[in-house]
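What follows is the content of protein-v5.pdb (PDB, C-alpha atoms and all ligand atoms).
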ATOM      1  CA  MET A  28       0.000   0.000   0.000  1.00  0.00           C
ATOM      2  CA  ASP A  29       1.210   3.474  -0.818  1.00  0.00           C
ATOM      3  CA  ILE A  30       0.615   6.290   1.630  1.00  0.00           C
ATOM      4  CA  VAL A  31       0.713   9.985   0.851  1.00  0.00           C
ATOM      5  CA  ALA A  32       1.145  11.526   4.275  1.00  0.00           C
ATOM      6  CA  LYS A  33       0.143  15.168   4.636  1.00  0.00           C
ATOM      7  CA  CYS A  34       2.356  17.390   6.738  1.00  0.00           C
ATOM      8  CA  PRO A  35       0.230  18.785   9.620  1.00  0.00           C
ATOM      9  CA  LYS A  36       2.115  22.066   9.430  1.00  0.00           C
ATOM     10  CA  CYS A  37       2.443  22.925   5.750  1.00  0.00           C
ATOM     11  CA  ASP A  38       0.209  20.344   3.961  1.00  0.00           C
ATOM     12  CA  ALA A  39       3.085  19.035   1.847  1.00  0.00           C
ATOM     13  CA  SER A  40       2.446  15.585   0.321  1.00  0.00           C
ATOM     14  CA  LEU A  41       4.956  12.995   1.462  1.00  0.00           C
ATOM     15  CA  PRO A  42       4.781   9.603  -0.262  1.00  0.00           C
ATOM     16  CA  VAL A  43       5.713   6.572   1.852  1.00  0.00           C
ATOM     17  CA  ARG A  44       5.337   2.820   1.348  1.00  0.00           C
ATOM     18  CA  ALA A  45       3.330   1.303   4.176  1.00  0.00           C
ATOM     19  CA  ALA A  46       5.306  -1.962   4.180  1.00  0.00           C
ATOM     20  CA  ASP A  47       8.595  -0.310   5.098  1.00  0.00           C
ATOM     21  CA  ALA A  48       7.420   3.010   6.542  1.00  0.00           C
ATOM     22  CA  PRO A  49       9.939   4.532   8.941  1.00  0.00           C
ATOM     23  CA  ALA A  50       8.820   5.554  12.444  1.00  0.00           C
ATOM     24  CA  VAL A  51       9.444   9.204  11.609  1.00  0.00           C
ATOM     25  CA  ILE A  52       9.560  11.051   8.316  1.00  0.00           C
ATOM     26  CA  THR A  53      10.867  14.557   7.818  1.00  0.00           C
ATOM     27  CA  CYS A  54       8.768  16.968   5.810  1.00  0.00           C
ATOM     28  CA  GLY A  55      10.577  18.190   2.711  1.00  0.00           C
ATOM     29  CA  GLY A  56       8.548  21.396   2.787  1.00  0.00           C
ATOM     30  CA  CYS A  57       9.038  22.712   6.301  1.00  0.00           C
ATOM     31  CA  GLY A  58      11.467  20.280   7.920  1.00  0.00           C
ATOM     32  CA  ARG A  59       9.014  19.138  10.569  1.00  0.00           C
ATOM     33  CA  ASP A  60       9.382  15.555  11.841  1.00  0.00           C
ATOM     34  CA  ILE A  61       6.187  13.584  11.403  1.00  0.00           C
ATOM     35  CA  PRO A  62       5.834  10.368  13.409  1.00  0.00           C
ATOM     36  CA  LEU A  63       4.239   7.512  11.454  1.00  0.00           C
ATOM     37  CA  ASP A  64       2.412   4.681  13.121  1.00  0.00           C
ATOM     38  CA  PRO A  65       0.894   2.342  10.527  1.00  0.00           C
ATOM     39  CA  SER A  66      -1.205  -0.520  11.887  1.00  0.00           C
ATOM     40  CA  GLU A  67      -0.343  -4.165  11.212  1.00  0.00           C
ATOM     41  CA  ALA A  68      -3.142  -4.421   8.645  1.00  0.00           C
ATOM     42  CA  MET A  69      -1.822  -1.358   6.856  1.00  0.00           C
ATOM     43  CA  ARG A  70       1.755  -2.610   6.769  1.00  0.00           C
ATOM     44  CA  ALA A  71       0.479  -5.850   5.283  1.00  0.00           C
ATOM     45  CA  GLY A  72      -1.597  -3.882   2.747  1.00  0.00           C
ATOM     46  CA  ARG A  73      -4.831  -5.509   3.908  1.00  0.00           C
ATOM     47  CA  ALA A  74      -6.860  -2.551   5.147  1.00  0.00           C
ATOM     48  CA  VAL A  75      -6.895   1.126   5.986  1.00  0.00           C
ATOM     49  CA  ASP A  76      -8.036   0.948   9.591  1.00  0.00           C
ATOM     50  CA  ARG A  77      -6.082   3.657  11.379  1.00  0.00           C
ATOM     51  CA  CYS A  78      -4.364   6.698   9.958  1.00  0.00           C
ATOM     52  CA  PRO A  79      -0.588   6.475  10.541  1.00  0.00           C
ATOM     53  CA  VAL A  80      -0.303  10.269  10.663  1.00  0.00           C
ATOM     54  CA  CYS A  81      -3.132  11.398  12.951  1.00  0.00           C
ATOM     55  CA  ALA A  82      -4.292   8.030  14.413  1.00  0.00           C
ATOM     56  CA  GLY A  83      -7.856   8.776  13.269  1.00  0.00           C
ATOM     57  CA  SER A  84     -10.074   6.008  11.981  1.00  0.00           C
ATOM     58  CA  ASP A  85     -12.487   7.990   9.839  1.00  0.00           C
ATOM     59  CA  PHE A  86     -11.926   7.791   6.110  1.00  0.00           C
ATOM     60  CA  TYR A  87     -13.741   8.462   2.890  1.00  0.00           C
ATOM     61  CA  ILE A  88     -13.410   7.059  -0.620  1.00  0.00           C
ATOM     62  CA  ARG A  89     -12.888   9.160  -3.684  1.00  0.00           C
ATOM     63  CA  LYS A  90     -11.869   8.534  -7.286  1.00  0.00           C
ATOM     64  CA  ASP A  91      -8.162   8.794  -7.929  1.00  0.00           C
ATOM     65  CA  PHE A  92      -8.791  11.400 -10.571  1.00  0.00           C
ATOM     66  CA  ASP A  93      -6.004  13.058 -12.464  1.00  0.00           C
ATOM     67  CA  PRO A  94      -7.609  16.348 -13.560  1.00  0.00           C
ATOM     68  CA  LYS A  95      -5.039  16.732 -16.338  1.00  0.00           C
ATOM     69  CA  ILE A  96      -6.352  13.713 -18.279  1.00  0.00           C
ATOM     70  CA  GLY A  97      -9.987  14.799 -18.052  1.00  0.00           C
ATOM     71  CA  LEU A  98      -9.135  18.325 -19.115  1.00  0.00           C
ATOM     72  CA  THR A  99      -7.108  17.155 -22.120  1.00  0.00           C
ATOM     73  CA  VAL A 100     -10.052  15.097 -23.373  1.00  0.00           C
ATOM     74  CA  VAL A 101     -12.461  18.013 -22.975  1.00  0.00           C
ATOM     75  CA  ILE A 102     -10.109  20.486 -24.690  1.00  0.00           C
ATOM     76  CA  LEU A 103      -9.403  18.088 -27.565  1.00  0.00           C
ATOM     77  CA  GLY A 104     -13.122  17.561 -28.022  1.00  0.00           C
ATOM     78  CA  ALA A 105     -13.773  21.305 -27.982  1.00  0.00           C
ATOM     79  CA  ILE A 106     -11.059  22.004 -30.569  1.00  0.00           C
ATOM     80  CA  VAL A 107     -12.226  19.285 -32.954  1.00  0.00           C
ATOM     81  CA  SER A 108     -15.865  20.330 -32.617  1.00  0.00           C
ATOM     82  CA  ALA A 109     -14.907  23.999 -33.158  1.00  0.00           C
ATOM     83  CA  ILE A 110     -13.277  23.021 -36.455  1.00  0.00           C
ATOM     84  CA  PHE A 111     -16.421  21.227 -37.611  1.00  0.00           C
ATOM     85  CA  TYR A 112     -18.564  24.101 -36.374  1.00  0.00           C
ATOM     86  CA  TRP A 113     -16.518  26.437 -38.564  1.00  0.00           C
ATOM     87  CA  PHE A 114     -17.579  24.357 -41.537  1.00  0.00           C
ATOM     88  CA  LYS A 115     -21.236  24.548 -40.437  1.00  0.00           C
ATOM     89  CA  ARG A 116     -21.435  20.910 -39.566  1.00  0.00           C
ATOM     90  CA  ASP A 117     -23.264  21.570 -36.327  1.00  0.00           C
ATOM     91  CA  PHE A 118     -24.591  18.089 -35.854  1.00  0.00           C
ATOM     92  CA  ILE A 119     -21.109  16.562 -36.121  1.00  0.00           C
ATOM     93  CA  ALA A 120     -19.760  19.178 -33.716  1.00  0.00           C
ATOM     94  CA  TYR A 121     -22.365  18.277 -31.128  1.00  0.00           C
ATOM     95  CA  GLY A 122     -21.704  14.609 -31.739  1.00  0.00           C
ATOM     96  CA  ILE A 123     -18.005  15.056 -31.010  1.00  0.00           C
ATOM     97  CA  LEU A 124     -18.697  17.119 -27.913  1.00  0.00           C
ATOM     98  CA  GLY A 125     -20.964  14.341 -26.687  1.00  0.00           C
ATOM     99  CA  GLY A 126     -18.316  11.783 -27.607  1.00  0.00           C
ATOM    100  CA  ALA A 127     -15.677  13.630 -25.597  1.00  0.00           C
ATOM    101  CA  ALA A 128     -18.013  13.730 -22.605  1.00  0.00           C
ATOM    102  CA  LEU A 129     -18.553   9.999 -23.006  1.00  0.00           C
ATOM    103  CA  VAL A 130     -14.794   9.311 -23.167  1.00  0.00           C
ATOM    104  CA  ASP A 131     -14.465  11.435 -20.027  1.00  0.00           C
ATOM    105  CA  LEU A 132     -17.084   9.307 -18.336  1.00  0.00           C
ATOM    106  CA  VAL A 133     -15.356   6.072 -19.341  1.00  0.00           C
ATOM    107  CA  VAL A 134     -11.992   7.379 -18.110  1.00  0.00           C
ATOM    108  CA  TYR A 135     -13.637   8.442 -14.865  1.00  0.00           C
ATOM    109  CA  GLY A 136     -15.366   5.104 -14.422  1.00  0.00           C
ATOM    110  CA  ARG A 137     -12.113   3.208 -14.852  1.00  0.00           C
ATOM    111  CA  LEU A 138     -10.342   5.195 -12.184  1.00  0.00           C
ATOM    112  CA  LYS A 139      -9.493   3.416  -8.994  1.00  0.00           C
ATOM    113  CA  ASP A 140     -10.834   4.452  -5.648  1.00  0.00           C
ATOM    114  CA  LEU A 141      -8.503   5.808  -3.072  1.00  0.00           C
ATOM    115  CA  THR A 142      -9.038   6.243   0.632  1.00  0.00           C
ATOM    116  CA  VAL A 143      -8.530   9.632   2.259  1.00  0.00           C
ATOM    117  CA  CYS A 144      -8.245  10.475   5.949  1.00  0.00           C
ATOM    118  CA  TYR A 145     -10.946  12.941   7.013  1.00  0.00           C
ATOM    119  CA  ARG A 146      -8.709  14.626   9.567  1.00  0.00           C
ATOM    120  CA  CYS A 147      -5.282  15.081   8.028  1.00  0.00           C
ATOM    121  CA  HIS A 148      -6.100  14.320   4.343  1.00  0.00           C
ATOM    122  CA  SER A 149      -3.453  11.631   4.011  1.00  0.00           C
ATOM    123  CA  GLU A 150      -4.147   9.341   1.038  1.00  0.00           C
ATOM    124  CA  PHE A 151      -3.946   5.571   0.740  1.00  0.00           C
ATOM    125  CA  ARG A 152      -3.581   3.670  -2.531  1.00  0.00           C
ATOM    126  CA  GLY A 153      -3.329  -0.068  -3.005  1.00  0.00           C
ATOM    127  CA  THR A 154      -5.206  -3.282  -3.589  1.00  0.00           C
ATOM    128  CA  TYR A 155      -6.856  -3.470  -0.166  1.00  0.00           C
ATOM    129  CA  PRO A 156     -10.672  -3.738  -0.038  1.00  0.00           C
ATOM    130  CA  ARG A 157     -12.343  -0.333   0.168  1.00  0.00           C
ATOM    131  CA  ALA A 158     -14.359  -0.146   3.365  1.00  0.00           C
ATOM    132  CA  ALA A 159     -14.896   3.606   3.793  1.00  0.00           C
ATOM    133  CA  SER A 160     -17.986   5.399   2.532  1.00  0.00           C
ATOM    134  CA  ALA A 161     -18.282   8.396   0.228  1.00  0.00           C
ATOM    135  CA  PHE A 162     -17.292  11.894   1.283  1.00  0.00           C
ATOM    136  CA  ASP A 163     -19.584  13.586   3.765  1.00  0.00           C
ATOM    137  CA  LEU A 164     -19.203  17.328   4.216  1.00  0.00           C
ATOM    138  CA  HIS A 165     -20.651  17.417   7.723  1.00  0.00           C
ATOM    139  CA  THR A 166     -18.284  14.708   8.980  1.00  0.00           C
ATOM    140  CA  ALA A 167     -15.359  16.428   7.259  1.00  0.00           C
ATOM    141  CA  ASP A 168     -16.173  19.747   8.933  1.00  0.00           C
ATOM    142  CA  GLU A 169     -16.295  18.235  12.392  1.00  0.00           C
ATOM    143  CA  LEU A 170     -13.232  16.031  12.094  1.00  0.00           C
ATOM    144  CA  GLU A 171     -11.041  18.630  10.405  1.00  0.00           C
ATOM    145  CA  GLN A 172     -11.823  21.155  13.125  1.00  0.00           C
ATOM    146  CA  GLU A 173     -11.118  18.629  15.832  1.00  0.00           C
ATOM    147  CA  TYR A 174      -7.785  17.743  14.235  1.00  0.00           C
ATOM    148  CA  GLU A 175      -6.753  21.350  13.691  1.00  0.00           C
ATOM    149  CA  ARG A 176      -7.508  22.176  17.320  1.00  0.00           C
ATOM    150  CA  ARG A 177      -5.466  19.170  18.397  1.00  0.00           C
ATOM    151  CA  ILE A 178      -2.403  20.130  16.358  1.00  0.00           C
ATOM    152  CA  GLY A 179      -2.803  23.756  17.365  1.00  0.00           C
ATOM    153  CA  ARG A 180      -3.701  25.273  14.011  1.00  0.00           C
ATOM    154  CA  ARG A 181      -6.657  27.183  15.418  1.00  0.00           C
TER     155      ARG A 181
HETATM  156 ZN    ZN B   1       5.742  20.438   6.271  1.00  0.00          ZN
HETATM  157 ZN    ZN B   2      -5.044  11.143   9.248  1.00  0.00          ZN
END

Would you put the structure from the file into structure tokens?
Ligand SMILES: [Zn+2]
Ligand SMILES: [Zn+2]
Amino acid sequence: MDIVAKCPKCDASLPVRAADAPAVITCGGCGRDIPLDPSEAMRAGRAVDRCPVCAGSDFYIRKDFDPKIGLTVVILGAIVSAIFYWFKRDFIAYGILGGAALVDLVVYGRLKDLTVCYRCHSEFRGTYPRAASAFDLHTADELEQEYERRIGRR
């Protein structure tokens, strides 16, 4: 399992492998030492049960979406349809726009889920079974505030 730990101080993303995660990592952004405490299940890549950064156990699932890919498809579609539009082939233009949206949808559907920690926003990728539910704004609000109070950000 691959972890992207988020620095509590500066929000830098710090990639670590769960299997051989050190007890402490140093943030490349601000130099802060961040203790890591992955659970047994996480080291073995079986489950995301406890966050190694903040020790929280509340997670949500989101698509591992690379916005660059989606944007490229949309822009390509727009350019091609603009060319056809220029030649007054409206129906083809709309067809291509629709096609690009469809490709976008297929790309999106094929994306893998990743697990994110509600409190510190650390991310977890791997082949473990996804147990968390979808993002909930209310939960996020509460847990983020609790975490930020705990680490002294507010
Ligand atoms: Zn940092
Ligand atoms: Zn966390």

Considering all atoms listed in the file, return as a short mmCIF file (atom, residue, chain, number, x, y, z; two decimals) with C-alpha atoms, in the frame of the given file whatever protein or nucleic-acid residues lie within 12 Å of segment 28-42 of chain A, sequence-local ones (same chain, fewer than 3 positions apart) excluded.
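Once written, part.cif looks like this:
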data_model
loop_
_atom_site.label_atom_id
_atom_site.label_comp_id
_atom_site.auth_asym_id
_atom_site.auth_seq_id
_atom_site.Cartn_x
_atom_site.Cartn_y
_atom_site.Cartn_z
CA ALA A 45 3.33 1.30 4.18
CA ALA A 46 5.31 -1.96 4.18
CA ASP A 47 8.60 -0.31 5.10
CA ALA A 48 7.42 3.01 6.54
CA PRO A 49 9.94 4.53 8.94
CA VAL A 51 9.44 9.20 11.61
CA ILE A 52 9.56 11.05 8.32
CA THR A 53 10.87 14.56 7.82
CA CYS A 54 8.77 16.97 5.81
CA GLY A 55 10.58 18.19 2.71
CA GLY A 56 8.55 21.40 2.79
CA CYS A 57 9.04 22.71 6.30
CA GLY A 58 11.47 20.28 7.92
CA ARG A 59 9.01 19.14 10.57
CA ASP A 60 9.38 15.56 11.84
CA ILE A 61 6.19 13.58 11.40
CA PRO A 62 5.83 10.37 13.41
CA LEU A 63 4.24 7.51 11.45
CA ASP A 64 2.41 4.68 13.12
CA PRO A 65 0.89 2.34 10.53
CA SER A 66 -1.20 -0.52 11.89
CA GLU A 67 -0.34 -4.16 11.21
CA ALA A 68 -3.14 -4.42 8.64
CA MET A 69 -1.82 -1.36 6.86
CA ARG A 70 1.76 -2.61 6.77
CA ALA A 71 0.48 -5.85 5.28
CA GLY A 72 -1.60 -3.88 2.75
CA ARG A 73 -4.83 -5.51 3.91
CA ALA A 74 -6.86 -2.55 5.15
CA VAL A 75 -6.90 1.13 5.99
CA CYS A 78 -4.36 6.70 9.96
CA PRO A 79 -0.59 6.48 10.54
CA VAL A 80 -0.30 10.27 10.66
CA CYS A 81 -3.13 11.40 12.95
CA LEU A 141 -8.50 5.81 -3.07
CA THR A 142 -9.04 6.24 0.63
CA VAL A 143 -8.53 9.63 2.26
CA CYS A 144 -8.24 10.48 5.95
CA TYR A 145 -10.95 12.94 7.01
CA ARG A 146 -8.71 14.63 9.57
CA CYS A 147 -5.28 15.08 8.03
CA HIS A 148 -6.10 14.32 4.34
CA SER A 149 -3.45 11.63 4.01
CA GLU A 150 -4.15 9.34 1.04
CA PHE A 151 -3.95 5.57 0.74
CA ARG A 152 -3.58 3.67 -2.53
CA GLY A 153 -3.33 -0.07 -3.00
CA THR A 154 -5.21 -3.28 -3.59
CA TYR A 155 -6.86 -3.47 -0.17
CA PRO A 156 -10.67 -3.74 -0.04
CA GLU A 171 -11.04 18.63 10.40
CA TYR A 174 -7.78 17.74 14.24
CA GLU A 175 -6.75 21.35 13.69
CA ARG A 176 -7.51 22.18 17.32
CA ARG A 177 -5.47 19.17 18.40
CA ILE A 178 -2.40 20.13 16.36
CA GLY A 179 -2.80 23.76 17.36
CA ARG A 180 -3.70 25.27 14.01
CA ARG A 181 -6.66 27.18 15.42
#

Between atom CA of Tyr87 of chain A and atom CA of Ala127 of chain A, distance in Å (one decimal):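 Computed distance, atom CA of Tyr87 of chain A to atom CA of Ala127 of chain A, equals 29.0 Å.
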
Atom pair atom CA of Leu170 of chain A / atom CA of Asp85 of chain A: separation (Å): 8.4 Å

Pairwise distance for atom CA of Ser160 of chain A and atom CA of Ile88 of chain A, rounded to one decimal in Å: 5.8 Å

As JSON, what would the box around segment 60-77 of chain A look like: edges along x, y and z, 3 Å added on every side, centre and edge lengths in Å to one decimal?
{"center_x": 0.7, "center_y": 4.9, "center_z": 8.1, "size_x": 23.4, "size_y": 27.4, "size_z": 16.7}

Picked residues, the PyMOL selection byres (((chain A and resi 107) around 12) and not hetatm), expected as a ChimeraX atom specification: /A:100-106,108-114,116-117,119-127

Nearest candidate to ligand ZN 2 (chain B) (options A:Ala167, A:Ala82, A:Val133, A:Ala159; using all atoms listed in the file): A:Ala82

For segment 123-134 of chain A, supply all heavy atoms and report the output as a PDB file, in the coordinates of the input.
ATOM      1  N   ILE A 123     -19.364  15.197 -31.545  1.00  0.00           N
ATOM      2  CA  ILE A 123     -18.005  15.056 -31.010  1.00  0.00           C
ATOM      3  C   ILE A 123     -17.944  15.538 -29.561  1.00  0.00           C
ATOM      4  O   ILE A 123     -17.314  14.917 -28.709  1.00  0.00           O
ATOM      5  CB  ILE A 123     -16.993  15.806 -31.906  1.00  0.00           C
ATOM      6  CG1 ILE A 123     -16.834  15.032 -33.211  1.00  0.00           C
ATOM      7  CG2 ILE A 123     -15.655  15.947 -31.209  1.00  0.00           C
ATOM      8  CD1 ILE A 123     -16.115  15.787 -34.294  1.00  0.00           C
ATOM      9  N   LEU A 124     -18.647  16.630 -29.293  1.00  0.00           N
ATOM     10  CA  LEU A 124     -18.697  17.119 -27.913  1.00  0.00           C
ATOM     11  C   LEU A 124     -19.251  16.038 -26.991  1.00  0.00           C
ATOM     12  O   LEU A 124     -18.731  15.786 -25.917  1.00  0.00           O
ATOM     13  CB  LEU A 124     -19.576  18.373 -27.830  1.00  0.00           C
ATOM     14  CG  LEU A 124     -18.846  19.705 -27.840  1.00  0.00           C
ATOM     15  CD1 LEU A 124     -19.842  20.845 -27.689  1.00  0.00           C
ATOM     16  CD2 LEU A 124     -17.811  19.767 -26.716  1.00  0.00           C
ATOM     17  N   GLY A 125     -20.356  15.420 -27.460  1.00  0.00           N
ATOM     18  CA  GLY A 125     -20.964  14.341 -26.687  1.00  0.00           C
ATOM     19  C   GLY A 125     -20.008  13.174 -26.537  1.00  0.00           C
ATOM     20  O   GLY A 125     -19.906  12.579 -25.475  1.00  0.00           O
ATOM     21  N   GLY A 126     -19.278  12.877 -27.629  1.00  0.00           N
ATOM     22  CA  GLY A 126     -18.316  11.783 -27.607  1.00  0.00           C
ATOM     23  C   GLY A 126     -17.219  12.032 -26.589  1.00  0.00           C
ATOM     24  O   GLY A 126     -16.853  11.136 -25.832  1.00  0.00           O
ATOM     25  N   ALA A 127     -16.730  13.275 -26.542  1.00  0.00           N
ATOM     26  CA  ALA A 127     -15.677  13.630 -25.597  1.00  0.00           C
ATOM     27  C   ALA A 127     -16.184  13.461 -24.167  1.00  0.00           C
ATOM     28  O   ALA A 127     -15.473  12.964 -23.292  1.00  0.00           O
ATOM     29  CB  ALA A 127     -15.208  15.063 -25.829  1.00  0.00           C
ATOM     30  N   ALA A 128     -17.427  13.871 -23.935  1.00  0.00           N
ATOM     31  CA  ALA A 128     -18.013  13.730 -22.605  1.00  0.00           C
ATOM     32  C   ALA A 128     -18.099  12.252 -22.232  1.00  0.00           C
ATOM     33  O   ALA A 128     -17.850  11.875 -21.088  1.00  0.00           O
ATOM     34  CB  ALA A 128     -19.394  14.369 -22.563  1.00  0.00           C
ATOM     35  N   LEU A 129     -18.429  11.436 -23.227  1.00  0.00           N
ATOM     36  CA  LEU A 129     -18.553   9.999 -23.006  1.00  0.00           C
ATOM     37  C   LEU A 129     -17.188   9.394 -22.664  1.00  0.00           C
ATOM     38  O   LEU A 129     -17.064   8.603 -21.726  1.00  0.00           O
ATOM     39  CB  LEU A 129     -19.122   9.349 -24.266  1.00  0.00           C
ATOM     40  CG  LEU A 129     -19.855   8.034 -24.053  1.00  0.00           C
ATOM     41  CD1 LEU A 129     -21.182   8.300 -23.353  1.00  0.00           C
ATOM     42  CD2 LEU A 129     -20.105   7.327 -25.378  1.00  0.00           C
ATOM     43  N   VAL A 130     -16.153   9.797 -23.430  1.00  0.00           N
ATOM     44  CA  VAL A 130     -14.794   9.311 -23.167  1.00  0.00           C
ATOM     45  C   VAL A 130     -14.392   9.693 -21.746  1.00  0.00           C
ATOM     46  O   VAL A 130     -13.843   8.899 -20.991  1.00  0.00           O
ATOM     47  CB  VAL A 130     -13.791   9.897 -24.189  1.00  0.00           C
ATOM     48  CG1 VAL A 130     -12.356   9.617 -23.756  1.00  0.00           C
ATOM     49  CG2 VAL A 130     -14.049   9.320 -25.572  1.00  0.00           C
ATOM     50  N   ASP A 131     -14.729  10.939 -21.365  1.00  0.00           N
ATOM     51  CA  ASP A 131     -14.465  11.435 -20.027  1.00  0.00           C
ATOM     52  C   ASP A 131     -15.079  10.519 -18.982  1.00  0.00           C
ATOM     53  O   ASP A 131     -14.475  10.166 -17.991  1.00  0.00           O
ATOM     54  CB  ASP A 131     -15.072  12.832 -19.897  1.00  0.00           C
ATOM     55  CG  ASP A 131     -14.079  13.793 -19.277  1.00  0.00           C
ATOM     56  OD1 ASP A 131     -12.872  13.527 -19.385  1.00  0.00           O
ATOM     57  OD2 ASP A 131     -14.512  14.791 -18.696  1.00  0.00           O
ATOM     58  N   LEU A 132     -16.326  10.148 -19.251  1.00  0.00           N
ATOM     59  CA  LEU A 132     -17.084   9.307 -18.336  1.00  0.00           C
ATOM     60  C   LEU A 132     -16.436   7.934 -18.197  1.00  0.00           C
ATOM     61  O   LEU A 132     -16.326   7.388 -17.104  1.00  0.00           O
ATOM     62  CB  LEU A 132     -18.503   9.153 -18.886  1.00  0.00           C
ATOM     63  CG  LEU A 132     -19.610   9.034 -17.853  1.00  0.00           C
ATOM     64  CD1 LEU A 132     -19.768  10.361 -17.129  1.00  0.00           C
ATOM     65  CD2 LEU A 132     -20.912   8.659 -18.537  1.00  0.00           C
ATOM     66  N   VAL A 133     -15.990   7.392 -19.348  1.00  0.00           N
ATOM     67  CA  VAL A 133     -15.356   6.072 -19.341  1.00  0.00           C
ATOM     68  C   VAL A 133     -14.044   6.142 -18.557  1.00  0.00           C
ATOM     69  O   VAL A 133     -13.759   5.303 -17.711  1.00  0.00           O
ATOM     70  CB  VAL A 133     -15.113   5.577 -20.783  1.00  0.00           C
ATOM     71  CG1 VAL A 133     -14.242   4.333 -20.785  1.00  0.00           C
ATOM     72  CG2 VAL A 133     -16.440   5.291 -21.465  1.00  0.00           C
ATOM     73  N   VAL A 134     -13.254   7.198 -18.829  1.00  0.00           N
ATOM     74  CA  VAL A 134     -11.992   7.379 -18.110  1.00  0.00           C
ATOM     75  C   VAL A 134     -12.268   7.462 -16.613  1.00  0.00           C
ATOM     76  O   VAL A 134     -11.634   6.806 -15.801  1.00  0.00           O
ATOM     77  CB  VAL A 134     -11.261   8.658 -18.587  1.00  0.00           C
ATOM     78  CG1 VAL A 134     -10.097   8.993 -17.674  1.00  0.00           C
ATOM     79  CG2 VAL A 134     -10.773   8.476 -20.014  1.00  0.00           C
TER      80      VAL A 134
END
